[in-house]
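Asker: See coords-v3.cif below, with mmCIF, C-alpha atoms.
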data_run
#
loop_
_atom_site.label_atom_id
_atom_site.label_comp_id
_atom_site.auth_asym_id
_atom_site.auth_seq_id
_atom_site.Cartn_x
_atom_site.Cartn_y
_atom_site.Cartn_z
CA MET A 13 0.00 0.00 0.00
CA ALA A 14 2.98 2.31 0.57
CA ASP A 15 3.87 2.02 -3.14
CA LEU A 16 0.29 2.78 -4.13
CA LYS A 17 0.26 5.86 -1.90
CA GLU A 18 3.47 7.09 -3.53
CA GLN A 19 1.99 6.56 -6.99
CA ILE A 20 -1.18 8.45 -6.02
CA ILE A 21 0.89 11.37 -4.69
CA GLU A 22 2.94 11.46 -7.90
CA GLN A 23 -0.02 11.07 -10.29
CA LEU A 24 -2.08 13.75 -8.56
CA ASN A 25 0.93 15.97 -7.79
CA LEU A 26 -0.17 16.24 -4.15
CA GLN A 27 2.17 18.85 -2.77
CA ASP A 28 3.60 18.58 0.73
CA VAL A 29 1.89 15.19 1.21
CA LYS A 30 3.96 12.13 2.18
CA PRO A 31 2.77 8.49 1.94
CA GLU A 32 2.62 8.28 5.74
CA ASP A 33 0.23 11.26 5.79
CA ILE A 34 -2.43 9.19 4.02
CA GLY A 35 -4.20 6.69 6.24
CA ASP A 36 -5.02 3.27 4.73
CA ASP A 37 -8.72 3.82 5.39
CA GLN A 38 -8.81 7.60 5.11
CA PRO A 39 -11.49 8.78 2.66
CA LEU A 40 -9.82 10.10 -0.50
CA PHE A 41 -12.69 12.31 -1.65
CA GLY A 42 -14.75 14.96 0.12
CA ASP A 43 -13.59 15.76 3.63
CA GLY A 44 -10.71 13.26 3.60
CA LEU A 45 -7.86 14.00 1.24
CA GLY A 46 -10.12 16.43 -0.67
CA LEU A 47 -9.80 14.88 -4.13
CA ASP A 48 -12.28 15.78 -6.88
CA SER A 49 -13.70 14.38 -10.12
CA ILE A 50 -10.58 15.14 -12.18
CA ASP A 51 -8.54 13.23 -9.61
CA ALA A 52 -10.92 10.31 -10.03
CA LEU A 53 -10.09 10.27 -13.75
CA GLU A 54 -6.38 10.46 -12.93
CA LEU A 55 -6.76 7.46 -10.59
CA ILE A 56 -8.48 5.47 -13.34
CA VAL A 57 -5.53 6.32 -15.65
CA LEU A 58 -3.09 5.28 -12.89
CA LEU A 59 -4.76 1.88 -12.50
CA GLN A 60 -4.72 1.34 -16.25
CA GLN A 61 -1.11 2.37 -16.70
CA LYS A 62 0.55 0.78 -13.69
CA TYR A 63 -1.66 -2.23 -12.98
CA LYS A 64 -3.33 -2.84 -16.36
CA VAL A 65 -6.63 -2.78 -14.54
CA LYS A 66 -9.71 -1.29 -16.17
CA LEU A 67 -12.77 -0.12 -14.34
CA SER A 68 -15.54 -1.86 -16.26
CA ASN A 69 -18.48 -0.41 -14.34
CA ALA A 70 -18.37 3.33 -13.57
CA GLU A 71 -20.94 2.83 -10.79
CA ASP A 72 -18.34 0.87 -8.82
CA GLY A 73 -16.08 3.95 -8.76
CA PRO A 74 -17.18 5.48 -5.44
CA LYS A 75 -16.76 2.11 -3.68
CA ILE A 76 -13.37 1.34 -5.24
CA PHE A 77 -11.89 4.81 -4.76
CA ARG A 78 -13.12 5.27 -1.20
CA SER A 79 -9.65 4.75 0.32
CA VAL A 80 -6.19 3.45 -0.51
CA ARG A 81 -7.16 0.10 1.01
CA THR A 82 -10.24 -0.28 -1.22
CA ILE A 83 -8.15 0.55 -4.30
CA ALA A 84 -5.52 -2.01 -3.25
CA GLU A 85 -8.22 -4.64 -2.68
CA PHE A 86 -9.69 -3.88 -6.11
CA ILE A 87 -6.29 -4.32 -7.77
CA GLU A 88 -5.76 -7.61 -5.93
CA SER A 89 -9.22 -8.88 -6.83
CA THR A 90 -8.67 -8.26 -10.52
CA ARG A 91 -5.26 -9.94 -10.47
CA ILE A 92 -6.46 -13.27 -9.04
CA PRO A 93 -8.25 -14.53 -12.19
CA ASN A 94 -5.15 -13.80 -14.30
CA ALA A 95 -2.70 -15.37 -11.84
CA MET B 39 -10.09 53.60 -19.77
CA TYR B 40 -8.18 53.86 -16.51
CA ILE B 41 -5.55 51.46 -15.21
CA ARG B 42 -6.60 51.04 -11.63
CA ALA B 43 -4.00 48.37 -10.88
CA ALA B 44 -1.37 46.36 -12.71
CA SER B 45 0.70 43.28 -11.95
CA ASN B 46 3.57 41.82 -13.87
CA ILE B 47 5.53 38.58 -13.63
CA SER B 48 8.48 38.99 -15.98
CA PRO B 49 12.20 38.24 -16.32
CA GLN B 50 12.74 41.30 -14.10
CA ASN B 51 11.86 41.68 -10.42
CA THR B 52 8.59 43.35 -11.34
CA PHE B 53 6.12 41.40 -9.23
CA GLY B 54 5.13 43.42 -6.19
CA ASN B 55 8.26 45.51 -6.56
CA GLN B 56 8.03 49.17 -7.46
CA ARG B 57 11.81 49.59 -7.51
CA PHE B 58 12.60 46.94 -10.10
CA LEU B 59 14.68 49.31 -12.22
CA SER B 60 17.31 49.70 -9.54
CA GLU B 61 17.96 45.97 -9.53
CA LEU B 62 17.74 44.89 -13.17
CA ALA B 63 18.28 41.20 -13.86
CA GLY B 64 20.95 40.29 -16.39
CA TYR B 65 20.85 37.23 -18.65
CA THR B 66 23.49 35.76 -20.93
CA GLY B 67 22.49 33.29 -23.62
CA ASP B 68 19.55 33.43 -25.97
CA GLY B 69 16.61 33.93 -23.65
CA LEU B 70 15.15 35.57 -20.56
CA THR B 71 12.91 33.60 -18.21
CA CYS B 72 10.46 34.86 -15.64
CA ILE B 73 11.39 35.48 -12.03
CA GLU B 74 8.50 33.75 -10.34
CA PRO B 75 7.08 34.57 -6.92
CA ASP B 76 6.24 32.07 -4.18
CA TYR B 77 2.89 30.94 -5.56
CA LYS B 78 1.87 29.18 -2.35
CA ALA B 79 1.40 32.57 -0.75
CA LEU B 80 -0.91 33.62 -3.59
CA ILE B 81 -2.86 30.54 -4.71
CA ASP B 82 -4.51 27.78 -2.68
CA PRO B 83 -2.02 24.82 -2.63
CA LYS B 84 -4.90 22.41 -3.32
CA ILE B 85 -5.55 24.18 -6.61
CA ILE B 86 -1.96 24.99 -7.48
CA ARG B 87 -0.93 21.33 -7.73
CA ARG B 88 -2.59 20.97 -11.13
CA MET B 89 -1.32 24.21 -12.60
CA SER B 90 1.57 24.34 -15.04
CA ARG B 91 4.03 27.24 -14.94
CA ILE B 92 2.16 29.58 -17.31
CA ILE B 93 -1.13 29.01 -15.48
CA LYS B 94 0.51 29.88 -12.16
CA MET B 95 2.09 32.99 -13.73
CA GLY B 96 -1.23 34.10 -15.19
CA VAL B 97 -3.42 33.34 -12.19
CA ALA B 98 -0.96 34.93 -9.71
CA ALA B 99 -0.63 38.16 -11.73
CA GLY B 100 -4.40 38.30 -12.32
CA MET B 101 -5.29 37.70 -8.68
CA ASP B 102 -2.65 40.17 -7.47
CA CYS B 103 -4.07 42.79 -9.82
CA LEU B 104 -7.60 42.25 -8.51
CA GLN B 105 -6.34 42.40 -4.94
CA GLN B 106 -4.50 45.69 -5.55
CA ALA B 107 -7.63 47.17 -7.12
CA GLY B 108 -9.87 45.85 -4.34
CA VAL B 109 -12.15 44.23 -6.93
CA ASN B 110 -13.52 40.76 -6.13
CA ALA B 111 -15.90 40.43 -9.03
CA PRO B 112 -14.78 41.99 -12.32
CA ASP B 113 -17.42 42.45 -15.03
CA ALA B 114 -15.19 40.68 -17.54
CA ILE B 115 -11.94 38.70 -17.71
CA ILE B 116 -10.08 38.93 -21.01
CA THR B 117 -6.69 37.48 -21.86
CA GLY B 118 -4.43 37.52 -24.89
CA THR B 119 -1.93 34.78 -25.62
CA ALA B 120 -0.27 33.63 -28.83
CA TYR B 121 0.89 30.19 -27.72
CA GLY B 122 -1.42 29.44 -24.79
CA CYS B 123 -0.51 26.73 -22.32
CA LEU B 124 2.30 25.19 -24.33
CA GLU B 125 3.79 22.96 -21.62
CA ASP B 126 0.43 21.26 -21.02
CA THR B 127 -0.07 20.85 -24.77
CA ASN B 128 3.39 19.33 -25.00
CA THR B 129 2.70 16.94 -22.09
CA PHE B 130 -0.62 15.85 -23.55
CA LEU B 131 0.68 15.29 -27.08
CA THR B 132 3.82 13.48 -25.86
CA LYS B 133 1.75 11.10 -23.72
CA MET B 134 -0.66 10.52 -26.60
CA VAL B 135 2.24 9.31 -28.74
CA GLN B 136 4.04 7.40 -25.98
CA GLN B 137 0.90 5.63 -24.75
CA ASN B 138 -0.52 4.88 -28.14
CA GLU B 139 -3.52 7.13 -27.54
CA GLU B 140 -4.63 5.12 -24.51
CA ALA B 141 -5.04 5.92 -20.79
CA LEU B 142 -4.30 9.61 -21.20
CA SER B 143 -4.05 11.86 -18.17
CA PRO B 144 -6.98 14.30 -18.27
CA THR B 145 -5.27 17.19 -16.46
CA ALA B 146 -2.79 18.16 -19.18
CA PHE B 147 -5.54 17.90 -21.81
CA ILE B 148 -8.01 20.05 -19.86
CA GLN B 149 -5.36 22.68 -19.23
CA SER B 150 -3.82 22.70 -22.68
CA THR B 151 -6.46 25.06 -24.04
CA HIS B 152 -5.56 28.70 -24.64
CA ASN B 153 -8.31 30.03 -22.38
CA THR B 154 -7.24 28.06 -19.29
CA ILE B 155 -5.88 31.12 -17.46
CA SER B 156 -8.94 33.32 -17.82
CA ALA B 157 -11.09 30.31 -16.94
CA GLN B 158 -9.01 29.46 -13.85
CA ILE B 159 -9.28 33.03 -12.58
CA ALA B 160 -13.04 32.92 -13.14
CA LEU B 161 -13.27 29.58 -11.32
CA LEU B 162 -11.31 30.89 -8.36
CA LEU B 163 -13.52 33.98 -8.16
CA GLN B 164 -16.71 32.09 -9.05
CA CYS B 165 -17.10 34.82 -11.66
CA HIS B 166 -19.77 33.95 -14.23
CA GLN B 167 -19.34 37.14 -16.25
CA TYR B 168 -17.91 37.68 -19.74
CA ASN B 169 -14.77 35.60 -20.26
CA ASN B 170 -12.77 35.68 -23.45
CA THR B 171 -9.29 34.85 -24.73
CA PHE B 172 -7.75 36.25 -27.89
CA VAL B 173 -5.29 34.07 -29.75
CA ASN B 174 -4.13 36.28 -32.59
CA GLY B 175 -0.35 35.90 -32.70
CA GLY B 176 1.42 39.20 -32.13
CA ALA B 177 -1.88 41.07 -31.82
CA SER B 178 -3.36 38.90 -29.03
CA PHE B 179 -2.86 41.37 -26.19
CA GLU B 180 -3.91 44.34 -28.31
CA ASN B 181 -7.14 42.60 -29.27
CA ALA B 182 -7.83 41.79 -25.63
CA LEU B 183 -7.35 45.49 -24.84
CA LEU B 184 -9.66 46.52 -27.67
CA ASP B 185 -12.34 44.14 -26.46
CA ALA B 186 -12.04 45.59 -22.94
CA MET B 187 -12.21 49.11 -24.34
CA MET B 188 -15.42 48.33 -26.26
CA LEU B 189 -17.05 46.72 -23.20
CA LEU B 190 -16.16 49.75 -21.07
CA TYR B 191 -17.14 52.41 -23.61
CA GLU B 192 -20.40 50.71 -24.52
CA GLY B 193 -21.39 50.49 -20.87
CA GLU B 194 -21.34 46.69 -20.78
CA ALA B 195 -18.76 46.68 -18.00
CA ALA B 196 -17.31 48.98 -15.37
CA ASN B 197 -14.24 46.93 -14.42
CA VAL B 198 -12.39 44.56 -16.72
CA LEU B 199 -9.38 42.38 -15.94
CA VAL B 200 -7.10 42.15 -18.98
CA GLY B 201 -3.87 40.18 -19.32
CA GLY B 202 -1.20 39.27 -21.84
CA ILE B 203 0.62 35.98 -21.22
CA ASP B 204 3.09 33.77 -23.05
CA GLU B 205 5.68 31.25 -21.93
CA ILE B 206 8.83 29.72 -23.39
CA THR B 207 9.14 25.97 -23.13
CA THR B 208 12.16 23.85 -24.01
CA ASN B 209 10.43 22.63 -27.18
CA SER B 210 9.04 25.98 -28.33
CA HIS B 211 12.42 27.58 -27.76
CA ALA B 212 14.18 24.87 -29.80
CA ILE B 213 11.67 25.16 -32.67
CA LEU B 214 11.72 28.97 -32.80
CA LYS B 215 15.52 28.94 -32.60
CA ARG B 216 15.66 26.58 -35.56
CA MET B 217 13.44 29.06 -37.41
CA GLY B 218 16.09 31.73 -36.79
CA LEU B 219 14.24 33.85 -34.23
CA TYR B 220 16.95 33.68 -31.57
CA ARG B 221 20.67 34.41 -31.50
CA ARG B 222 23.08 31.59 -32.28
CA GLU B 223 25.80 33.16 -30.16
CA GLN B 224 25.70 33.98 -26.46
CA VAL B 225 24.66 37.53 -25.76
CA SER B 226 23.85 39.58 -22.69
CA ASN B 227 20.42 41.19 -22.58
CA PHE B 228 22.07 44.49 -21.63
CA ASP B 229 24.20 44.35 -24.83
CA LEU B 230 21.44 42.98 -27.06
CA LEU B 231 20.51 46.26 -28.70
CA ASN B 232 24.10 47.50 -28.99
CA THR B 233 25.25 44.39 -30.84
CA PRO B 234 22.72 43.98 -33.64
CA GLY B 235 22.79 40.67 -35.46
CA LYS B 236 20.59 37.88 -36.69
CA GLY B 237 17.98 36.90 -34.13
CA THR B 238 17.10 38.17 -30.69
CA MET B 239 16.63 36.77 -27.16
CA ALA B 240 13.52 34.80 -26.29
CA GLY B 241 11.24 36.20 -23.64
CA GLU B 242 8.07 35.50 -21.72
CA GLY B 243 5.79 37.16 -19.23
CA SER B 244 2.41 37.65 -17.65
CA ALA B 245 1.11 41.21 -17.23
CA PHE B 246 -2.40 41.96 -15.99
CA PHE B 247 -4.33 45.22 -15.75
CA MET B 248 -7.49 46.17 -13.91
CA LEU B 249 -9.18 48.58 -16.31
CA SER B 250 -12.04 50.81 -15.25
CA ARG B 251 -14.47 53.08 -17.04
CA GLU B 252 -14.45 55.65 -14.25
CA ALA B 253 -11.40 57.34 -12.78
CA SER B 254 -10.41 56.69 -9.20
CA ASP B 255 -7.90 58.42 -6.92
CA ASN B 256 -5.33 55.68 -7.30
CA ASP B 257 -5.15 55.10 -11.06
CA TRP B 258 -1.74 54.35 -12.53
CA ALA B 259 -2.49 55.89 -15.94
CA LYS B 260 -5.10 56.08 -18.67
CA ILE B 261 -5.08 54.07 -21.90
CA ASP B 262 -6.33 56.50 -24.54
CA GLY B 263 -6.25 54.25 -27.56
CA VAL B 264 -5.07 51.00 -29.11
CA SER B 265 -4.59 50.27 -32.77
CA SER B 266 -3.07 47.38 -34.64
CA PHE B 267 -2.29 46.85 -38.29
CA TYR B 268 -1.16 43.89 -40.32
CA LYS B 269 1.85 43.46 -42.60
CA PRO B 270 2.42 47.07 -43.70
CA ARG B 271 4.03 47.27 -47.15
CA ASN B 272 6.62 49.91 -46.26
CA THR B 273 7.67 52.62 -43.81
CA ALA B 274 5.34 55.12 -45.48
CA GLU B 275 2.37 52.96 -44.56
CA ILE B 276 3.60 52.67 -40.96
CA LYS B 277 3.99 56.45 -40.77
CA GLN B 278 0.49 56.85 -42.15
CA GLN B 279 -0.91 54.43 -39.55
CA ILE B 280 0.84 56.34 -36.75
CA SER B 281 -0.48 59.62 -38.07
CA ILE B 282 -4.07 58.32 -38.37
CA PHE B 283 -3.86 56.84 -34.89
CA LEU B 284 -2.58 60.04 -33.27
CA GLN B 285 -5.17 62.12 -35.13
CA SER B 286 -7.92 59.83 -33.87
CA GLN B 287 -6.62 60.52 -30.35
CA ASN B 288 -6.47 64.29 -30.96
CA ALA B 289 -2.74 64.13 -30.38
CA ASN B 290 0.33 64.81 -32.46
CA ILE B 291 3.82 63.42 -32.28
CA HIS B 292 5.25 66.60 -30.69
CA GLU B 293 3.02 66.10 -27.66
CA ILE B 294 4.46 62.67 -26.93
CA ASP B 295 6.78 62.79 -23.90
CA LEU B 296 8.15 59.29 -24.34
CA VAL B 297 8.13 56.69 -27.09
CA ILE B 298 8.60 53.03 -26.24
CA THR B 299 9.62 50.90 -29.21
CA GLY B 300 10.01 47.18 -29.69
CA ASN B 301 13.62 47.08 -30.93
CA ASN B 302 15.04 43.66 -30.11
CA GLY B 303 18.58 43.59 -31.55
CA ASP B 304 17.61 41.64 -34.67
CA LEU B 305 18.75 43.53 -37.75
CA LYS B 306 15.63 42.83 -39.80
CA ASN B 307 13.30 43.60 -36.90
CA ASP B 308 15.03 46.86 -35.96
CA ALA B 309 15.24 48.12 -39.56
CA VAL B 310 11.49 48.72 -39.33
CA TYR B 311 12.04 51.32 -36.59
CA GLU B 312 15.08 53.00 -38.16
CA GLN B 313 13.38 55.68 -40.25
CA LEU B 314 10.84 56.43 -37.56
CA LEU B 315 13.54 56.89 -34.93
CA LYS B 316 15.53 59.16 -37.24
CA TYR B 317 12.69 61.46 -38.24
CA ASP B 318 9.25 60.92 -36.69
CA PHE B 319 10.34 60.15 -33.12
CA ALA B 320 13.42 62.41 -33.27
CA ASN B 321 12.08 64.99 -30.82
CA ALA B 322 10.90 62.64 -28.10
CA PRO B 323 12.99 60.49 -25.77
CA VAL B 324 12.82 56.90 -27.00
CA ILE B 325 13.35 53.80 -24.88
CA ASN B 326 13.27 50.10 -25.72
CA TYR B 327 11.93 47.40 -23.46
CA LYS B 328 12.87 44.05 -24.94
CA ALA B 329 16.27 43.97 -23.24
CA LEU B 330 14.22 43.64 -20.05
CA CYS B 331 11.70 40.99 -21.06
CA GLY B 332 12.93 39.42 -24.31
CA GLU B 333 10.89 38.91 -27.47
CA TYR B 334 7.51 37.18 -27.37
CA PRO B 335 4.18 37.79 -29.09
CA THR B 336 2.44 39.46 -26.14
CA SER B 337 5.45 41.54 -25.02
CA SER B 338 3.43 44.72 -25.59
CA ALA B 339 1.71 43.83 -22.28
CA PHE B 340 5.12 44.29 -20.61
CA ALA B 341 5.53 47.62 -22.49
CA THR B 342 2.09 48.76 -21.32
CA TRP B 343 2.98 47.87 -17.74
CA LEU B 344 6.31 49.71 -18.08
CA ALA B 345 4.61 52.82 -19.53
CA ALA B 346 1.98 52.83 -16.77
CA HIS B 347 4.67 52.25 -14.14
CA GLU B 348 6.75 55.20 -15.39
CA ILE B 349 3.71 57.50 -15.68
CA LYS B 350 2.71 56.59 -12.13
CA ALA B 351 6.27 57.27 -10.96
CA GLY B 352 6.06 60.71 -12.59
CA GLY B 353 9.11 60.42 -14.86
CA CYS B 354 11.09 57.95 -16.83
CA SER B 355 14.08 56.46 -15.03
CA PHE B 356 15.55 55.24 -18.35
CA VAL B 357 15.90 58.72 -19.77
CA PRO B 358 18.92 60.96 -18.96
CA GLU B 359 18.09 63.67 -16.44
CA SER B 360 18.58 66.43 -19.04
CA ASP B 361 15.72 64.96 -21.11
CA GLN B 362 13.39 64.42 -18.17
CA THR B 363 9.96 65.90 -18.37
CA SER B 364 6.87 64.93 -16.48
CA LEU B 365 5.26 62.15 -18.44
CA LYS B 366 1.88 63.17 -19.79
CA LYS B 367 1.69 61.07 -22.94
CA VAL B 368 3.53 57.85 -23.77
CA LEU B 369 3.31 56.09 -27.12
CA ILE B 370 4.16 52.42 -27.51
CA TYR B 371 4.98 51.24 -31.01
CA ASN B 372 5.80 47.57 -31.38
CA HIS B 373 5.74 44.95 -34.07
CA TYR B 374 6.12 41.19 -33.92
CA GLN B 375 7.97 39.66 -36.86
CA ASN B 376 6.92 42.64 -39.00
CA ILE B 377 3.51 40.97 -39.21
CA HIS B 378 1.45 42.42 -36.38
CA HIS B 379 2.15 46.08 -35.60
CA SER B 380 0.54 47.94 -32.75
CA LEU B 381 0.21 51.40 -31.25
CA ILE B 382 -0.88 52.03 -27.68
CA LEU B 383 -1.24 55.55 -26.30
CA LEU B 384 -1.21 56.11 -22.55
CA SER B 385 -1.53 59.34 -20.65
CA ALA B 386 -1.30 60.59 -17.09
CA CYS B 387 -4.59 60.85 -15.23
#
Please rewrite the model in this file as structure tokens.

Answerer:
Amino acid sequence: MADLKEQIIEQLNLQDVKPEDIGDDQPLFGDGLGLDSIDALELIVLLQQKYKVKLSNAEDGPKIFRSVRTIAEFIESTRIPNA
Amino acid sequence: MYIRAASNISPQNTFGNQRFLSELAGYTGDGLTCIEPDYKALIDPKIIRRMSRIIKMGVAAGMDCLQQAGVNAPDAIITGTAYGCLEDTNTFLTKMVQQNEEALSPTAFIQSTHNTISAQIALLLQCHQYNNTFVNGGASFENALLDAMMLLYEGEAANVLVGGIDEITTNSHAILKRMGLYRREQVSNFDLLNTPGKGTMAGEGSAFFMLSREASDNDWAKIDGVSSFYKPRNTAEIKQQISIFLQSQNANIHEIDLVITGNNGDLKNDAVYEQLLKYDFANAPVINYKALCGEYPTSSAFATWLAAHEIKAGGCSFVPESDQTSLKKVLIYNHYQNIHHSLILLSAC
């Protein structure tokens, strides 16, 4: 999850934020890290580029991108069938 | 229209510094780059993270200008830029090629448009008023000024924020250098005009003005008129354009206290000014500004800021003391690549 946090910081150019500043279960949007809809698109691009994972159903977005942990779980879940 | 406030991020220490002339910045090479302020003190860090350099330069100068004028909600925001947000365009296009047109980052694409700066300022202010960007090469800033002038004179607006912005990027610099715009040899900006040759020094900048229909007690200067013309055939046509412009302003060349020209050290470029300097502008002190900011399509925004700054200061610090008069009227004559020519007349309030 530390790697994922670093990639999120780099992709979203989060200034003055270190991986340890982001809690595993901290909400990424709204009151948490304060990300917005453009960041959501950037996260989709990140998953596609780094993990070759595509979000097939846009309605799953809010659930998947709730926190770093939910993103990590989503990546893991999509890797199992290909393993 | 009255210049209520002005802000300028340039290769000189112009931002928030009224004494920039006493500490001029020197450059050696083939370009001058902006001295940028600490943006974190000016723009919300949450918003700044997505902004490329030109967007930060534009938004910071625009917001500073509004702050100086004490205006939170301008009636219009108008910008002029020839190249727009080049770095974002470069990032977007590079990724499109590298990633085979798949999984493209949206941020660079969204911000690659020419009107990003005026839009970002509007978003920050939640300003839903008139918002326009002119992309007309070397006449971009002049057309933005004209648009503001029409809005103010026709009563559509009382306060208009106008800016001229362009940036140099590594790629644009390399391409324009290959086209012969910039010097092949190393040159100092202070020697640029004394050592004429082929090419000039690249420049960039972001100058914003808060323009008002009504005078206030704190105005820097007044912009009386703006005129631009395209590809004049010869010097006679330029002289005619200057004469028509001054007549339309009820002014004549002998009333001009200072002329600011766009000489840039390039032989072909400066030949355009030669006859005018020898005869038409012979009786007025003449200064050049491109040794301070370099050459770029919206550099006349820097010249306008300089003229307003000198009028506000009450005299021109570039001119020898013996030639000093109080500045009542200042004429800016500039051309970019001998394609777009412009005249801007400013006067003291």

Asker: Could you please tell me, as a ChimeraX atom specification, which residues of chain A have an atom within 12 Å of chain B when using all atoms listed in the file?

Answerer: /A:21-29,45-67

Asker: Filtering to C-alpha atoms, could you give me those residues as a short mmCIF file (atom, residue, chain, number, x, y, z; two decimals), in the coordinates of the input?

Answerer:
data_model
loop_
_atom_site.label_atom_id
_atom_site.label_comp_id
_atom_site.auth_asym_id
_atom_site.auth_seq_id
_atom_site.Cartn_x
_atom_site.Cartn_y
_atom_site.Cartn_z
CA ILE A 21 0.89 11.37 -4.69
CA GLU A 22 2.94 11.46 -7.90
CA GLN A 23 -0.02 11.07 -10.29
CA LEU A 24 -2.08 13.75 -8.56
CA ASN A 25 0.93 15.97 -7.79
CA LEU A 26 -0.17 16.24 -4.15
CA GLN A 27 2.17 18.85 -2.77
CA ASP A 28 3.60 18.58 0.73
CA VAL A 29 1.89 15.19 1.21
CA LEU A 45 -7.86 14.00 1.24
CA GLY A 46 -10.12 16.43 -0.67
CA LEU A 47 -9.80 14.88 -4.13
CA ASP A 48 -12.28 15.78 -6.88
CA SER A 49 -13.70 14.38 -10.12
CA ILE A 50 -10.58 15.14 -12.18
CA ASP A 51 -8.54 13.23 -9.61
CA ALA A 52 -10.92 10.31 -10.03
CA LEU A 53 -10.09 10.27 -13.75
CA GLU A 54 -6.38 10.46 -12.93
CA LEU A 55 -6.76 7.46 -10.59
CA ILE A 56 -8.48 5.47 -13.34
CA VAL A 57 -5.53 6.32 -15.65
CA LEU A 58 -3.09 5.28 -12.89
CA LEU A 59 -4.76 1.88 -12.50
CA GLN A 60 -4.72 1.34 -16.25
CA GLN A 61 -1.11 2.37 -16.70
CA LYS A 62 0.55 0.78 -13.69
CA TYR A 63 -1.66 -2.23 -12.98
CA LYS A 64 -3.33 -2.84 -16.36
CA VAL A 65 -6.63 -2.78 -14.54
CA LYS A 66 -9.71 -1.29 -16.17
CA LEU A 67 -12.77 -0.12 -14.34
#

Asker: Go ahead and find all residues with at least one atom no further than 10 Å from (3.1, 65.6, -28.5) in the file's coordinates, using all atoms listed in the file; report them as a PyMOL selection string.

Answerer: chain B and resi 284+288-296+321-322+366-369

Asker: Using CA of Gly353 (chain B) and CA of Gln106 (chain B) as the two end points, give the distance in Å to one decimal.

Answerer: 22.1 Å

Asker: Enter the distance from CA of Ala146 (chain B) to CA of Tyr121 (chain B), in Å, rounded to one decimal.

Answerer: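 So the two atoms, CA of Ala146 (chain B) and CA of Tyr121 (chain B), lie 15.2 Å apart.
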
Asker: I want to know what sits within 12 Å of Val97 (chain B), based on all atoms listed in the file, with residues of the same chain fewer than 5 positions away left out; could you give that as a PyMOL selection string?

Answerer: chain B and resi 45-47+75+77-78+80-82+85-86+89-92+102-105+115+117+153-163+199-203+244-246

Asker: Please identify all polymer residues within 12 Å of Gly35 (chain A), counting all atoms listed in the file, omitting same-chain residues fewer than 3 positions from it, and present them as a list in words.

Answerer: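 Returned residues: Met13, Ala14, Leu16, Lys17, Val29, Lys30, Pro31, Glu32, Gln38, Pro39, Leu40, Gly44, Leu45, Arg78, Ser79, Val80, Arg81 and Thr82 of chain A.
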
Asker: One number please: CA of Ile87 (chain A) to CA of Asn138 (chain B), in Å, one decimal.

Answerer: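 Value for the CA of Ile87 (chain A)-CA of Asn138 (chain B) distance: 23.1 Å.
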
Asker: Return as a PyMOL selection string the set of residues that the PyMOL selection byres ((chain B and resi 252-257) around 6) yields on the displayed structure.

Answerer: chain B and resi 41-42+250-251+258-259

Asker: List as a PDB file with C-alpha atoms, keeping the file's coordinate frame the protein and nucleic acid residues near region 300-310 of chain B, meaning an atom at most 8 Å away when all atoms listed in the file are counted, but skip any in the same chain fewer than 2 places from it.

Answerer:
ATOM      1  CA  LEU B 230      21.440  42.980 -27.060  1.00  0.00           C
ATOM      2  CA  LEU B 231      20.510  46.260 -28.700  1.00  0.00           C
ATOM      3  CA  ASN B 232      24.100  47.500 -28.990  1.00  0.00           C
ATOM      4  CA  THR B 233      25.250  44.390 -30.840  1.00  0.00           C
ATOM      5  CA  PRO B 234      22.720  43.980 -33.640  1.00  0.00           C
ATOM      6  CA  GLY B 235      22.790  40.670 -35.460  1.00  0.00           C
ATOM      7  CA  LYS B 236      20.590  37.880 -36.690  1.00  0.00           C
ATOM      8  CA  GLY B 237      17.980  36.900 -34.130  1.00  0.00           C
ATOM      9  CA  THR B 238      17.100  38.170 -30.690  1.00  0.00           C
ATOM     10  CA  MET B 239      16.630  36.770 -27.160  1.00  0.00           C
ATOM     11  CA  THR B 273       7.670  52.620 -43.810  1.00  0.00           C
ATOM     12  CA  ILE B 298       8.600  53.030 -26.240  1.00  0.00           C
ATOM     13  CA  GLU B 312      15.080  53.000 -38.160  1.00  0.00           C
ATOM     14  CA  GLN B 313      13.380  55.680 -40.250  1.00  0.00           C
ATOM     15  CA  LEU B 314      10.840  56.430 -37.560  1.00  0.00           C
ATOM     16  CA  ASN B 326      13.270  50.100 -25.720  1.00  0.00           C
ATOM     17  CA  TYR B 327      11.930  47.400 -23.460  1.00  0.00           C
ATOM     18  CA  LYS B 328      12.870  44.050 -24.940  1.00  0.00           C
ATOM     19  CA  ALA B 329      16.270  43.970 -23.240  1.00  0.00           C
ATOM     20  CA  GLY B 332      12.930  39.420 -24.310  1.00  0.00           C
ATOM     21  CA  GLU B 333      10.890  38.910 -27.470  1.00  0.00           C
ATOM     22  CA  TYR B 371       4.980  51.240 -31.010  1.00  0.00           C
ATOM     23  CA  ASN B 372       5.800  47.570 -31.380  1.00  0.00           C
ATOM     24  CA  HIS B 373       5.740  44.950 -34.070  1.00  0.00           C
ATOM     25  CA  GLN B 375       7.970  39.660 -36.860  1.00  0.00           C
ATOM     26  CA  ASN B 376       6.920  42.640 -39.000  1.00  0.00           C
TER      27      ASN B 376
END

Asker: For a quick check of understanding, using only C-alpha atoms, which of B:Leu330, B:Leu124, B:Ala346, B:Cys354 has the smallest distance to Ser385 (chain B)?

Answerer: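 Of the candidates, the smallest distance to Ser385 (chain B) is held by B:Ala346.
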
Asker: Any chance you could resolve the PyMOL selection byres ((chain B and resi 207-216) around 9) against this file and give the residues as a ChimeraX atom specification?

Answerer: /B:68-69,124-125,128,205-206,217-222,237,240
